[in-house]
Amino acid sequence: MARTPIIAGNWKMNKGTVAEASALAQEVVAAVAGKSGVTVVVCPPYTVLHTVRTALTGSSVVMGAQDGFWKTTGAYTSQISAEMLKDAGVSYVILGHSETRGRFGLSEPEETLKHYGETDATVNLKVKATLAAGLLPIICIGETLDEREGGKTDFVVSSQVAGALTGVTNDQASKLVFAYEPVWAIGTGKVCDAAEANRVCGIVRKTVHSLYGAEVAEAVRVQYGGSMKPDNAAELLSQPHIDGGLIGGAALKSADFAAIINAA
Ligand code: PGA
């Protein structure tokens, strides 16, 4: 079964004003007009979801959110539920990004950051809540440089995949998107070698296979993320286990984002 490639732009905490978000979303819409055979997602900050939804009206580009909470409603000051995201027009939700797992790479003291870290357990709760709301998770996994140098990449990646999936049914699992994002490649300009990225995306698929069998493993889409740019996208996207990209920096320029979509 052929998998439809998926290119998602993670805007992070950028393009967060109404004017900026509207302009970039409209440029993306124009850039993908008439293209088919690829799922294109833009993931703006929460405060401009409405703006981006308006800009995407009538286009094949769909919207994603950068996180979501696992409770549906209640006294959870500051949190955004999957139901709220759905109502805002969101289709995909990025979960377990290394920036939220790793406290955004901030260097403030432990005392300051102690409530910010994401774990496999919180990612799992969010995955289940997102699926229950009828939205599709993009589950991020990936090793740090220390873990890679310590020979732990495969173990880290397969444990993060398995940890995210506790209690997820076969039917739900087949709809999932994973994003293999080596932490050392994010925002650094150091892209993972295409053959190695393909190998690790294969580990993601193998882990899904061990949990859910061949059919689900063939159905899930696995993106690569980490300094994907127009000049390296074609090589990465031509690998058999790489079904798309999760794009940070290059998603902020519509021409770069469009070039990556074309490569897919
Ligand atoms: P980058 O970010 O493309 O800027 O490396 C990717 C990501 O964090 O999803």
# chains A, B, ... in the order shown; residues from 1 in each chain; ligands from 1
call {"tool": "residues_near_ligand", "arguments": {"ligand": "ligand 1", "cutoff": "7 Å", "atoms": "only C-alpha atoms and all ligand atoms", "output": "PyMOL selection string"}}
result
chain A and resi 10+181+185-189+225-228+246-250
call {"tool": "select_by_dssp", "arguments": {"residues": "region 14-86 of chain A", "states": "strand (DSSP E)", "output": "short mmCIF file (atom, residue, chain, number, x, y, z; two decimals) with all heavy atoms, in the first residue's frame"}}
result
data_model
loop_
_atom_site.label_atom_id
_atom_site.label_comp_id
_atom_site.auth_asym_id
_atom_site.auth_seq_id
_atom_site.Cartn_x
_atom_site.Cartn_y
_atom_site.Cartn_z
N THR A 39 0.07 15.34 1.63
CA THR A 39 -0.66 16.04 2.69
C THR A 39 0.22 17.20 3.16
O THR A 39 1.37 16.98 3.53
CB THR A 39 -0.93 15.09 3.88
OG1 THR A 39 -1.55 13.90 3.41
CG2 THR A 39 -1.80 15.76 4.92
N VAL A 40 -0.34 18.40 3.12
CA VAL A 40 0.42 19.58 3.59
C VAL A 40 -0.26 20.14 4.83
O VAL A 40 -1.47 20.39 4.83
CB VAL A 40 0.52 20.66 2.49
CG1 VAL A 40 1.28 21.88 2.99
CG2 VAL A 40 1.19 20.10 1.23
N VAL A 41 0.53 20.32 5.89
CA VAL A 41 0.00 20.77 7.18
C VAL A 41 0.79 21.99 7.63
O VAL A 41 2.02 22.00 7.50
CB VAL A 41 0.16 19.65 8.26
CG1 VAL A 41 -0.59 20.00 9.52
CG2 VAL A 41 -0.26 18.29 7.74
N VAL A 42 0.11 23.00 8.15
CA VAL A 42 0.83 24.10 8.82
C VAL A 42 0.39 24.14 10.28
O VAL A 42 -0.79 24.01 10.59
CB VAL A 42 0.62 25.48 8.14
CG1 VAL A 42 1.31 25.54 6.80
CG2 VAL A 42 -0.86 25.83 7.98
N CYS A 43 1.37 24.30 11.17
CA CYS A 43 1.12 24.26 12.61
C CYS A 43 1.52 25.59 13.24
O CYS A 43 2.67 25.75 13.70
CB CYS A 43 1.90 23.12 13.26
SG CYS A 43 1.64 21.51 12.46
N VAL A 62 -4.03 21.67 5.38
CA VAL A 62 -4.75 21.50 6.64
C VAL A 62 -3.92 22.06 7.79
O VAL A 62 -2.73 22.33 7.65
CB VAL A 62 -5.16 20.03 6.89
CG1 VAL A 62 -6.13 19.54 5.83
CG2 VAL A 62 -3.94 19.13 6.96
N MET A 63 -4.60 22.22 8.93
CA MET A 63 -3.95 22.89 10.06
C MET A 63 -3.59 21.89 11.15
O MET A 63 -4.33 20.94 11.41
CB MET A 63 -4.91 23.95 10.59
CG MET A 63 -4.29 24.95 11.52
SD MET A 63 -5.33 26.45 11.64
CE MET A 63 -6.77 25.82 12.45
N GLY A 64 -2.47 22.13 11.79
CA GLY A 64 -2.06 21.33 12.95
C GLY A 64 -1.82 22.25 14.13
O GLY A 64 -1.67 23.46 13.97
N ALA A 65 -1.81 21.66 15.33
CA ALA A 65 -1.43 22.41 16.53
C ALA A 65 -0.11 21.85 17.03
O ALA A 65 0.30 20.75 16.65
CB ALA A 65 -2.51 22.28 17.60
#
call {"tool": "residues_around", "arguments": {"residues": "Gly163 (chain A)", "least_positions_apart": "4", "cutoff": "8 Å", "atoms": "only C-alpha atoms", "output": "list in words"}}
result
Asp120, Ala121, Asn124 and Ser159 of chain A
call {"tool": "residues_around", "arguments": {"residues": "Val177 (chain A)", "least_positions_apart": "5", "cutoff": "6 Å", "atoms": "only C-alpha atoms", "output": "number ranges by chain"}}
result
A: 138, 220-222
call {"tool": "select_by_dssp", "arguments": {"residues": "region 67-247 of chain A", "states": "helix (DSSP H, G or I)", "output": "PyMOL selection string"}}
result
chain A and resi 82-87+98-101+103-105+110-113+120-132+145-149+153-164+170-173+183-185+194-212+214-219+230-237
call {"tool": "residues_around", "arguments": {"residues": "region 88-99 of chain A", "least_positions_apart": "2", "cutoff": "9 Å", "atoms": "only C-alpha atoms", "output": "VMD selection string"}}
result
chain A and resid 10 41 43 49 to 50 53 62 to 68 82 to 86 101 to 105 117 to 120 122 to 124 126 to 127 130 134 to 143 164 179 181 to 183 186
call {"tool": "atom_distance", "arguments": {"atom1": "CA of Ser158 (chain A)", "atom2": "CA of Tyr212 (chain A)"}}
result
13.7 Å
call {"tool": "closest_residue", "arguments": {"among": "A:Thr100, A:Ala132, A:Val208, A:Gly202", "to": "Leu113 (chain A)", "atoms": "only C-alpha atoms"}}
result
A:Thr100
call {"tool": "atom_distance", "arguments": {"atom1": "CA of Glu215 (chain A)", "atom2": "CA of Ala2 (chain A)"}}
result
12.0 Å
call {"tool": "residues_around", "arguments": {"residues": "Ala129 (chain A)", "least_positions_apart": "6", "cutoff": "8 Å", "atoms": "only C-alpha atoms", "output": "list in words"}}
result
Phe69, Trp70, Lys71, Thr72 and Ala82 of chain A
